[in-house]
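Peer 1: This is the structure I want to talk about, given as structure tokens.
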Amino acid sequence: MESPSPVPAWVRAEPLRLLGFAARAAHPGGGFAWLDDTGRPVLDRPVETWITCRMTHVFALAQLQGAPAEGQVAHGVEALTGLLRDPDHGGWYASTTLSEKRAYEHAFVVLAASSAAAAGAEGAEELLAEALDVVERRFWEPGPGLVADVWDRGWTHLEDYRGANANMHTVEAFLAAADVTGDRVWARRALSIVDHLVHGEARAHGWLLPEHYDPGWRVRLEFNRAEPAHPFRPFGATIGHLFEWARLAVHLKRALGGDAPDWLVPDAAALFETATRTGWAVDGRPGFVYTTDFAGTPVVRTRLHWVVAEAIAAAWTLHQETGEPAYLERFQEWCAHAEACFADRERGSWHHELDPENRPAATVWAGKPDIYHAYQATLLPALPPAASFAGALAPRSWTPAPPG
């Protein structure tokens with residue numbers, strides 16, 4: 001008799017339900033729109049590059065699974081080679097109304113192009129080559145082995161700030177690029193980032209990773225104390241990012257194979273344990289707080305959907321890597337929490353924000369902008385171990401493009 005699946009049935013069905021919610025995401029002017037609570041495009045908002053990239057990535061993964069998403073992938077690639085690309089100075093605008101160049105968005109361009117290339121989208125390989133070249137020339141800082149954060153449009157002024165968030169998504173992007181191009185330089189670059197920020201800074205701060213730094217990569221522990229709920233640069237340690245780094249560290253181990261340092265999985269486990277201890281149900285209610293200070297005390301107690309999504313993904317990844325039942329227990333516990341509190345069966349997708357009493361709220365985010373975090377978290381248990389989602393889903397007949 002076949003043993004029951006450790007993955008809840010609703011999780012196995014969720015990627016398809018999420019794709020249904022996002023079916024109207026294409027903006028008629030190009031790219032993908034921010035979605036409201038019902039999945040309707042918010043057309044009076046600018047088209048944002050990170051949203052367009054994340055949805056292009058999701059639709060490429062869907063296409064790799066056999067869904068009829070070729071049109072959405074082509075729509076995304078078209079926007080990234082036209083509407084959102086700067087034809088004069090190179091690189092990609094932050095949005096159709098914001099011309100600065102951010103490492104965060106450029107990481108997502110690499111990710112979207114990698115997944116689109118794996119799916120065979122026309123023009124995606126050329127887009128990926130261009131995106132990697134821009135990241136290499138404009139953002140990569142060889143000294144510290146990390147990426148800078150924000151330039152002006154003309155690449156003449158670099159912001160006096162360095163951040164862990166953009167570097168984390170660059171790790172994700174580099175792992176996908178390594179899978180798709182076959183060039184291991186991108187996995188080695190990812191290791192450089194993880195070594196500095198996880199094995200260095202997170203370990204030195206009790207695994208509560210500081211997010212903010214000056215141009216010399218000195219920690220700025222007080223940054224944004226007056227704006228603790230900032231959606232991209234909040235004060236303190238970000239619980240969801242600890243889980244995300246943990247998952248990426250394990251994926252990096254898979255990318256490096258025999259060249260992987262022996263600290264990657266123990267560091268991932270330490271991040272996971274710290275995020276669980278300081279973030280989960282610490283205020284008497286189920287759910288993860290958004291941020292803590294560096295003593296582990298909650299600062300912003302709002303529950304965000306992407307945090308539980310990354311917790312689910314990290315728990316599954318560590319269970320898959322180690323076989324330890326405690327990770328599977330956490331995975332199942334947090335899946336149950338996501339189903340009970342976040343999955344919106346009436347209007348679709350997941351509530352993107354809940355208050356500390358687990359009621360829908362909108363203080364950090366309005367609407368349900370995209371499905372990237374929930375889609376990846378619920379897709380992951382159906383995939384074989386791999387360094388990236390695109391690598392796990394690429395057909396067996398598919399081979400990476402030659403380096404260069």
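Each chain in the structure tokens gets a letter, A, B and so on, in the order shown; residues start at 1 in every chain, and ligands are counted from 1 in the order they appear.
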Give me, as a tab-separated table, each residue of region 204-323 of chain A that comes within 7 Å of region 159-183 of chain A, together with its shortest interatomic pair and the distance in Å at one decimal, counting only C-alpha atoms, with rows ordered by chain and rising residue number.
Peer 2:
residue	atom	partner	partner_atom	distance
A:Glu211	CA	A:Ala164	CA	4.9
A:His212	CA	A:Gly163	CA	4.9
A:Tyr213	CA	A:Arg162	CA	4.9
A:Asp214	CA	A:Tyr161	CA	5.0
A:Pro215	CA	A:Tyr161	CA	5.7
A:Trp217	CA	A:Arg162	CA	6.8
A:Trp245	CA	A:Met168	CA	6.9
A:Leu248	CA	A:Glu172	CA	6.8
A:Leu252	CA	A:Leu175	CA	7.0
Peer 1: Take the residues that were just selected and, keeping N, CA and C atoms, output them as an mmCIF file, in the first residue's frame.
Peer 2:
data_model
loop_
_atom_site.group_PDB
_atom_site.id
_atom_site.type_symbol
_atom_site.label_atom_id
_atom_site.label_comp_id
_atom_site.auth_asym_id
_atom_site.auth_seq_id
_atom_site.Cartn_x
_atom_site.Cartn_y
_atom_site.Cartn_z
ATOM 1 N N GLU A 211 20.562 43.972 7.732
ATOM 2 C CA GLU A 211 20.161 44.203 6.344
ATOM 3 C C GLU A 211 20.893 45.382 5.695
ATOM 4 N N HIS A 212 21.415 46.316 6.500
ATOM 5 C CA HIS A 212 21.826 47.610 5.960
ATOM 6 C C HIS A 212 23.298 47.903 6.264
ATOM 7 N N TYR A 213 23.988 48.501 5.251
ATOM 8 C CA TYR A 213 25.432 48.721 5.332
ATOM 9 C C TYR A 213 25.795 50.033 4.640
ATOM 10 N N ASP A 214 26.996 50.525 4.962
ATOM 11 C CA ASP A 214 27.508 51.693 4.246
ATOM 12 C C ASP A 214 28.342 51.203 3.051
ATOM 13 N N PRO A 215 28.887 52.116 2.239
ATOM 14 C CA PRO A 215 29.621 51.676 1.042
ATOM 15 C C PRO A 215 30.854 50.818 1.333
ATOM 16 N N TRP A 217 30.736 48.434 3.483
ATOM 17 C CA TRP A 217 30.132 47.232 4.059
ATOM 18 C C TRP A 217 30.302 47.149 5.561
ATOM 19 N N TRP A 245 17.394 33.072 2.971
ATOM 20 C CA TRP A 245 18.829 32.801 2.916
ATOM 21 C C TRP A 245 19.116 31.325 3.215
ATOM 22 N N LEU A 248 18.352 29.328 0.112
ATOM 23 C CA LEU A 248 19.327 29.601 -0.931
ATOM 24 C C LEU A 248 20.682 28.988 -0.619
ATOM 25 N N LEU A 252 22.560 26.576 -3.080
ATOM 26 C CA LEU A 252 23.929 26.857 -3.478
ATOM 27 C C LEU A 252 24.804 25.617 -3.307
#
Peer 1: Quick one: residues within 10 Å of Lys101 (chain A), only C-alpha atoms, excluding same-chain residues fewer than 3 positions away - as a PyMOL selection string?
Peer 2: chain A and resi 86+90-95+98+104-106+138-139+149-155+158
Peer 1: Between A:Ala362, A:Leu146, A:Ala25, A:Val289, single out the one closest to Leu43 (chain A), counting only C-alpha atoms.
Peer 2: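 So, comparing all the options, the nearest one is A:Ala25.
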Peer 1: Need to verify the contact set: region 7-10 of chain A, 8 Å, only C-alpha atoms, exclusion of same-chain residues closer than 3 positions in sequence. Can you return it as a list in words?
Peer 2: Ala13, Glu14, Gln332, Cys335 and Pro381 of chain A
Peer 1: What is the distance between CA of Val364 (chain A) and CA of Pro228 (chain A), in Å to one decimal?
Peer 2: 10.4 Å
Peer 1: For region 47-59 of chain A, find every residue with an atom within 6 Å (counting only C-alpha atoms), except residues of its own chain fewer than 4 positions away, and show them as an MDAnalysis selection string.
Peer 2: chainID A and resid 31:33 69 73 76 94:96 105 108:109 112 115 372
Peer 1: If you count only C-alpha atoms, which residues fall within 12 Å of Ala62 (chain A), apart from same-chain ones fewer than 5 positions away, as number ranges by chain?
Peer 2: A: 15-20, 22-23, 55-57, 67-73, 115-116, 118-119, 372, 375-376, 379, 389-390, 393-394
Peer 1: Those same residues, written as a short mmCIF file (atom, residue, chain, number, x, y, z; two decimals), in the first residue's frame with N, CA, C and O atoms?
Peer 2:
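Writing done, so here's selection-v6.cif:
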data_model
loop_
_atom_site.label_atom_id
_atom_site.label_comp_id
_atom_site.auth_asym_id
_atom_site.auth_seq_id
_atom_site.Cartn_x
_atom_site.Cartn_y
_atom_site.Cartn_z
N PRO A 15 -0.40 25.73 -6.88
CA PRO A 15 0.20 26.48 -8.00
C PRO A 15 -0.80 26.75 -9.12
O PRO A 15 -0.83 27.85 -9.68
N LEU A 16 -1.63 25.77 -9.44
CA LEU A 16 -2.60 25.97 -10.51
C LEU A 16 -3.65 27.01 -10.11
O LEU A 16 -4.07 27.85 -10.93
N ARG A 17 -4.08 26.99 -8.85
CA ARG A 17 -5.05 27.98 -8.38
C ARG A 17 -4.45 29.38 -8.44
O ARG A 17 -5.13 30.35 -8.83
N LEU A 18 -3.19 29.51 -8.06
CA LEU A 18 -2.54 30.81 -8.10
C LEU A 18 -2.40 31.32 -9.54
O LEU A 18 -2.58 32.52 -9.80
N LEU A 19 -2.10 30.43 -10.46
CA LEU A 19 -2.03 30.85 -11.86
C LEU A 19 -3.37 31.37 -12.35
O LEU A 19 -3.43 32.32 -13.14
N GLY A 20 -4.45 30.76 -11.89
CA GLY A 20 -5.78 31.25 -12.25
C GLY A 20 -6.01 32.67 -11.75
O GLY A 20 -6.58 33.51 -12.46
N ALA A 22 -3.74 34.92 -11.32
CA ALA A 22 -2.88 35.85 -12.05
C ALA A 22 -3.17 35.89 -13.55
O ALA A 22 -2.43 36.55 -14.29
N ALA A 23 -4.22 35.26 -13.99
CA ALA A 23 -4.49 35.15 -15.43
C ALA A 23 -4.66 36.51 -16.11
O ALA A 23 -4.40 36.65 -17.30
N MET A 55 6.59 37.90 -12.41
CA MET A 55 5.51 37.22 -13.10
C MET A 55 6.00 36.52 -14.36
O MET A 55 5.51 35.43 -14.71
N THR A 56 6.97 37.10 -15.05
CA THR A 56 7.58 36.41 -16.19
C THR A 56 8.22 35.10 -15.74
O THR A 56 8.07 34.05 -16.38
N HIS A 57 8.93 35.16 -14.63
CA HIS A 57 9.54 33.96 -14.04
C HIS A 57 8.50 32.91 -13.70
O HIS A 57 8.64 31.73 -14.05
N ALA A 67 1.98 24.06 -18.75
CA ALA A 67 0.84 24.98 -18.83
C ALA A 67 0.96 25.85 -20.09
O ALA A 67 2.07 26.17 -20.54
N PRO A 68 -0.14 26.27 -20.68
CA PRO A 68 -0.11 27.11 -21.88
C PRO A 68 0.20 28.57 -21.54
O PRO A 68 -0.66 29.45 -21.62
N ALA A 69 1.44 28.83 -21.15
CA ALA A 69 1.81 30.17 -20.69
C ALA A 69 2.80 30.86 -21.62
O ALA A 69 3.39 31.89 -21.25
N GLU A 70 2.97 30.33 -22.84
CA GLU A 70 3.95 30.92 -23.75
C GLU A 70 3.67 32.39 -24.02
O GLU A 70 4.59 33.21 -24.11
N GLY A 71 2.39 32.74 -24.14
CA GLY A 71 2.04 34.13 -24.43
C GLY A 71 2.43 35.07 -23.31
O GLY A 71 2.94 36.16 -23.57
N GLN A 72 2.20 34.65 -22.06
CA GLN A 72 2.58 35.49 -20.93
C GLN A 72 4.09 35.65 -20.83
O GLN A 72 4.60 36.73 -20.53
N VAL A 73 4.83 34.57 -21.09
CA VAL A 73 6.29 34.65 -21.04
C VAL A 73 6.79 35.61 -22.12
O VAL A 73 7.64 36.48 -21.87
N SER A 115 14.75 31.88 -16.46
CA SER A 115 13.61 30.97 -16.53
C SER A 115 12.98 30.99 -17.92
O SER A 115 12.59 29.95 -18.45
N ALA A 116 12.89 32.19 -18.51
CA ALA A 116 12.34 32.29 -19.86
C ALA A 116 13.23 31.57 -20.87
O ALA A 116 12.73 30.93 -21.81
N ALA A 118 15.15 28.96 -20.20
CA ALA A 118 14.93 27.53 -19.98
C ALA A 118 13.64 27.07 -20.64
O ALA A 118 13.53 25.93 -21.10
N ALA A 119 12.65 27.97 -20.69
CA ALA A 119 11.37 27.65 -21.31
C ALA A 119 11.40 27.82 -22.83
O ALA A 119 10.40 27.54 -23.50
N TYR A 372 4.55 35.35 -6.84
CA TYR A 372 5.89 34.74 -6.85
C TYR A 372 6.20 33.91 -5.61
O TYR A 372 6.59 32.75 -5.70
N TYR A 375 3.66 30.94 -5.08
CA TYR A 375 3.80 29.96 -6.16
C TYR A 375 5.05 29.11 -5.95
O TYR A 375 4.99 27.87 -6.04
N GLN A 376 6.18 29.73 -5.68
CA GLN A 376 7.41 28.97 -5.49
C GLN A 376 7.30 28.04 -4.27
O GLN A 376 7.75 26.90 -4.31
N LEU A 379 5.07 25.13 -5.18
CA LEU A 379 5.61 24.33 -6.28
C LEU A 379 6.79 23.47 -5.82
O LEU A 379 6.97 22.33 -6.27
N PHE A 389 14.83 26.82 -9.53
CA PHE A 389 13.54 26.32 -10.02
C PHE A 389 13.62 25.99 -11.50
O PHE A 389 13.11 24.96 -11.95
N ALA A 390 14.26 26.87 -12.29
CA ALA A 390 14.37 26.62 -13.73
C ALA A 390 15.18 25.36 -13.98
O ALA A 390 14.85 24.56 -14.86
N LEU A 393 13.07 22.26 -13.39
CA LEU A 393 11.97 22.04 -14.32
C LEU A 393 12.41 21.89 -15.77
O LEU A 393 11.61 21.46 -16.61
N ALA A 394 13.66 22.22 -16.08
CA ALA A 394 14.11 22.13 -17.47
C ALA A 394 13.96 20.70 -17.98
O ALA A 394 14.30 19.75 -17.26
#
Peer 1: Would you mind reading off the distance between CA of Gly236 (chain A) and CA of Val219 (chain A), one decimal, in Å?
Peer 2: 11.2 Å
Peer 1: Would you please extract all helix (DSSP H, G or I) residues from region 198-332 of chain A, as assigned by DSSP on the backbone, and give them as an MDAnalysis selection string?
Peer 2: chainID A and resid 198:204 239:259 264:279 305:322 325:332
Peer 1: Show which residues sit within 12 Å of Pro261 (chain A), as a CSV table (one decimal) with all heavy atoms, in the first residue's frame. Count only C-alpha atoms, and ignore same-chain residues fewer than 4 positions away.
Peer 2:
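After the write, selection34.csv holds the following:
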chain,number,residue,atom,x,y,z
A,188,ARG,N,29.9,30.6,-8.2
A,188,ARG,CA,31.0,31.1,-7.4
A,188,ARG,C,30.7,32.5,-6.9
A,188,ARG,O,31.0,32.9,-5.7
A,188,ARG,CB,32.3,31.0,-8.1
A,188,ARG,CG,32.7,29.6,-8.4
A,188,ARG,CD,34.2,29.5,-8.9
A,188,ARG,NE,34.4,30.2,-10.2
A,188,ARG,CZ,34.3,29.6,-11.3
A,188,ARG,NH1,34.0,28.3,-11.4
A,188,ARG,NH2,34.5,30.2,-12.5
A,191,LEU,N,28.3,32.2,-4.0
A,191,LEU,CA,29.0,31.8,-2.8
A,191,LEU,C,29.7,33.0,-2.2
A,191,LEU,O,29.7,33.1,-0.9
A,191,LEU,CB,30.0,30.7,-3.2
A,191,LEU,CG,30.9,30.2,-2.0
A,191,LEU,CD1,30.1,29.6,-0.9
A,191,LEU,CD2,32.0,29.2,-2.5
A,192,SER,N,30.3,33.8,-3.0
A,192,SER,CA,31.0,35.0,-2.4
A,192,SER,C,30.0,35.8,-1.6
A,192,SER,O,30.3,36.3,-0.4
A,192,SER,CB,31.6,35.9,-3.5
A,192,SER,OG,32.1,37.1,-3.0
A,194,VAL,N,27.1,34.8,-0.2
A,194,VAL,CA,26.6,34.1,1.0
A,194,VAL,C,27.7,34.0,2.0
A,194,VAL,O,27.4,34.0,3.2
A,194,VAL,CB,26.1,32.6,0.5
A,194,VAL,CG1,25.8,31.8,1.7
A,194,VAL,CG2,24.9,32.8,-0.4
A,195,ASP,N,28.9,33.8,1.6
A,195,ASP,CA,30.0,33.7,2.5
A,195,ASP,C,30.1,35.0,3.4
A,195,ASP,O,30.2,35.0,4.6
A,195,ASP,CB,31.3,33.5,1.8
A,195,ASP,CG,32.5,33.2,2.6
A,195,ASP,OD1,32.4,33.1,3.9
A,195,ASP,OD2,33.6,33.0,2.1
A,199,HIS,N,27.8,33.5,6.3
A,199,HIS,CA,28.8,33.0,7.1
A,199,HIS,C,29.6,34.0,7.9
A,199,HIS,O,30.2,33.7,8.9
A,199,HIS,CB,29.8,32.2,6.3
A,199,HIS,CG,30.6,31.2,7.0
A,199,HIS,ND1,30.1,30.2,7.8
A,199,HIS,CD2,32.0,31.0,7.0
A,199,HIS,CE1,31.0,29.5,8.3
A,199,HIS,NE2,32.2,29.9,7.9
A,249,ALA,N,21.1,28.9,0.7
A,249,ALA,CA,22.3,28.3,1.0
A,249,ALA,C,22.3,26.8,0.7
A,249,ALA,O,23.3,26.3,0.2
A,249,ALA,CB,22.6,28.5,2.5
A,250,VAL,N,21.2,26.1,0.9
A,250,VAL,CA,21.1,24.7,0.5
A,250,VAL,C,21.1,24.6,-1.1
A,250,VAL,O,21.8,23.7,-1.6
A,250,VAL,CB,19.8,24.1,1.1
A,250,VAL,CG1,19.7,22.6,0.6
A,250,VAL,CG2,19.9,24.1,2.6
A,252,LEU,N,22.6,26.6,-3.1
A,252,LEU,CA,23.9,26.9,-3.5
A,252,LEU,C,24.8,25.6,-3.3
A,252,LEU,O,25.7,25.3,-4.2
A,252,LEU,CB,24.5,28.0,-2.7
A,252,LEU,CG,25.9,28.4,-2.9
A,252,LEU,CD1,26.2,28.8,-4.3
A,252,LEU,CD2,26.3,29.6,-2.0
A,253,LYS,N,24.6,24.9,-2.2
A,253,LYS,CA,25.4,23.6,-2.0
A,253,LYS,C,25.1,22.7,-3.2
A,253,LYS,O,26.1,22.1,-3.7
A,253,LYS,CB,24.9,23.0,-0.7
A,253,LYS,CG,25.6,21.6,-0.5
A,253,LYS,CD,24.9,20.8,0.6
A,253,LYS,CE,25.6,19.5,0.7
A,253,LYS,NZ,24.9,18.4,0.1
A,254,ARG,N,23.9,22.6,-3.7
A,254,ARG,CA,23.6,21.7,-4.8
A,254,ARG,C,24.3,22.2,-6.1
A,254,ARG,O,24.7,21.4,-6.9
A,254,ARG,CB,22.1,21.6,-5.0
A,254,ARG,CG,21.4,20.9,-3.8
A,254,ARG,CD,19.9,21.1,-3.9
A,254,ARG,NE,19.3,20.5,-2.7
A,254,ARG,CZ,18.0,20.7,-2.3
A,254,ARG,NH1,17.3,21.5,-3.0
A,254,ARG,NH2,17.5,20.1,-1.2
A,255,ALA,N,24.3,23.5,-6.2
A,255,ALA,CA,25.0,24.1,-7.4
A,255,ALA,C,26.5,23.9,-7.5
A,255,ALA,O,27.0,23.6,-8.5
A,255,ALA,CB,24.7,25.6,-7.5
A,256,LEU,N,27.1,23.9,-6.3
A,256,LEU,CA,28.5,23.8,-6.2
A,256,LEU,C,29.0,22.3,-6.2
A,256,LEU,O,30.1,22.0,-6.5
A,256,LEU,CB,29.1,24.5,-5.0
A,256,LEU,CG,28.9,26.0,-5.0
A,256,LEU,CD1,29.2,26.6,-3.7
A,256,LEU,CD2,29.8,26.6,-6.1
A,257,GLY,N,28.1,21.4,-5.8
A,257,GLY,CA,28.5,20.0,-5.8
A,257,GLY,C,29.6,19.8,-4.8
A,257,GLY,O,29.7,20.2,-3.7
A,265,VAL,N,25.2,24.0,4.8
A,265,VAL,CA,24.0,23.4,5.5
A,265,VAL,C,23.9,23.8,6.9
A,265,VAL,O,22.8,24.1,7.4
A,265,VAL,CB,23.9,21.9,5.2
A,265,VAL,CG1,22.7,21.3,5.9
A,265,VAL,CG2,23.7,21.7,3.7
A,266,PRO,N,25.0,23.7,7.7
A,266,PRO,CA,24.9,24.1,9.1
A,266,PRO,C,24.5,25.6,9.3
A,266,PRO,O,23.7,25.9,10.2
A,266,PRO,CB,26.3,23.8,9.7
A,266,PRO,CG,26.8,22.7,8.8
A,266,PRO,CD,26.3,23.0,7.5
A,267,ASP,N,25.0,26.4,8.4
A,267,ASP,CA,24.6,27.8,8.5
A,267,ASP,C,23.1,28.0,8.2
A,267,ASP,O,22.4,28.8,8.8
A,267,ASP,CB,25.4,28.7,7.5
A,267,ASP,CG,26.8,29.0,8.1
A,267,ASP,OD1,27.3,28.3,9.0
A,267,ASP,OD2,27.4,29.9,7.6
Peer 1: Between CA of Glu333 (chain A) and CA of Thr276 (chain A), what is the distance, to one decimal in Å?
Peer 2: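 According to the coordinates, CA of Glu333 (chain A) and CA of Thr276 (chain A) are separated by 12.0 Å.
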Peer 1: My list of candidates is A:His196, A:Ala129, A:Pro46, A:Leu35. Which is closest to Ser99 (chain A) when distances are computed with only C-alpha atoms?
Peer 2: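 Once distances to Ser99 (chain A) are computed over only C-alpha atoms, the minimum belongs to A:Pro46.
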Peer 1: Pick the closest to Trp186 (chain A) from A:Arg233, A:Ala74, A:Val110, A:Gly240: which is it, counting only C-alpha atoms?
Peer 2: A:Val110
Peer 1: DSSP on the backbone, strand (DSSP E) only: what residues of region 280-328 of chain A does that give? Format it as an mmCIF file with N, CA, C and O atoms, in the first residue's frame.
Peer 2:
data_model
loop_
_atom_site.group_PDB
_atom_site.id
_atom_site.type_symbol
_atom_site.label_atom_id
_atom_site.label_comp_id
_atom_site.auth_asym_id
_atom_site.auth_seq_id
_atom_site.Cartn_x
_atom_site.Cartn_y
_atom_site.Cartn_z
ATOM 1 N N THR A 291 9.533 41.731 11.564
ATOM 2 C CA THR A 291 10.908 42.070 11.930
ATOM 3 C C THR A 291 11.114 41.974 13.433
ATOM 4 O O THR A 291 10.157 42.019 14.216
ATOM 5 N N THR A 292 12.400 41.861 13.814
ATOM 6 C CA THR A 292 12.802 41.950 15.220
ATOM 7 C C THR A 292 13.980 42.912 15.326
ATOM 8 O O THR A 292 14.604 43.260 14.327
ATOM 9 N N PRO A 298 10.373 41.308 18.913
ATOM 10 C CA PRO A 298 9.578 41.753 17.765
ATOM 11 C C PRO A 298 9.494 43.271 17.671
ATOM 12 O O PRO A 298 9.339 43.964 18.684
ATOM 13 N N VAL A 299 9.594 43.792 16.465
ATOM 14 C CA VAL A 299 9.432 45.221 16.193
ATOM 15 C C VAL A 299 8.134 45.440 15.432
ATOM 16 O O VAL A 299 7.241 46.134 15.900
ATOM 17 N N VAL A 300 8.008 44.852 14.253
ATOM 18 C CA VAL A 300 6.778 44.932 13.470
ATOM 19 C C VAL A 300 6.113 43.561 13.526
ATOM 20 O O VAL A 300 6.651 42.576 13.029
ATOM 21 N N ARG A 303 1.862 40.271 10.006
ATOM 22 C CA ARG A 303 2.163 39.013 9.338
ATOM 23 C C ARG A 303 2.090 39.219 7.823
ATOM 24 O O ARG A 303 1.040 39.628 7.312
ATOM 25 N N LEU A 304 3.168 38.936 7.125
ATOM 26 C CA LEU A 304 3.194 39.071 5.673
ATOM 27 C C LEU A 304 3.227 37.692 5.030
ATOM 28 O O LEU A 304 3.921 36.788 5.504
#
Peer 1: Which residues come within 9 Å of Gly367 (chain A), counting only C-alpha atoms, excluding same-chain residues fewer than 4 positions away, as a ChimeraX atom specification?
Peer 2: /A:34-39,351-353,362
Peer 1: Choose the residue, out of A:Trp140, A:Arg40, A:Leu84, A:Ile193, that has the smallest atom-to-atom separation from Ser349 (chain A); count only C-alpha atoms.
Peer 2: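 Checking each candidate against Ser349 (chain A), we get A:Arg40 as the closest.
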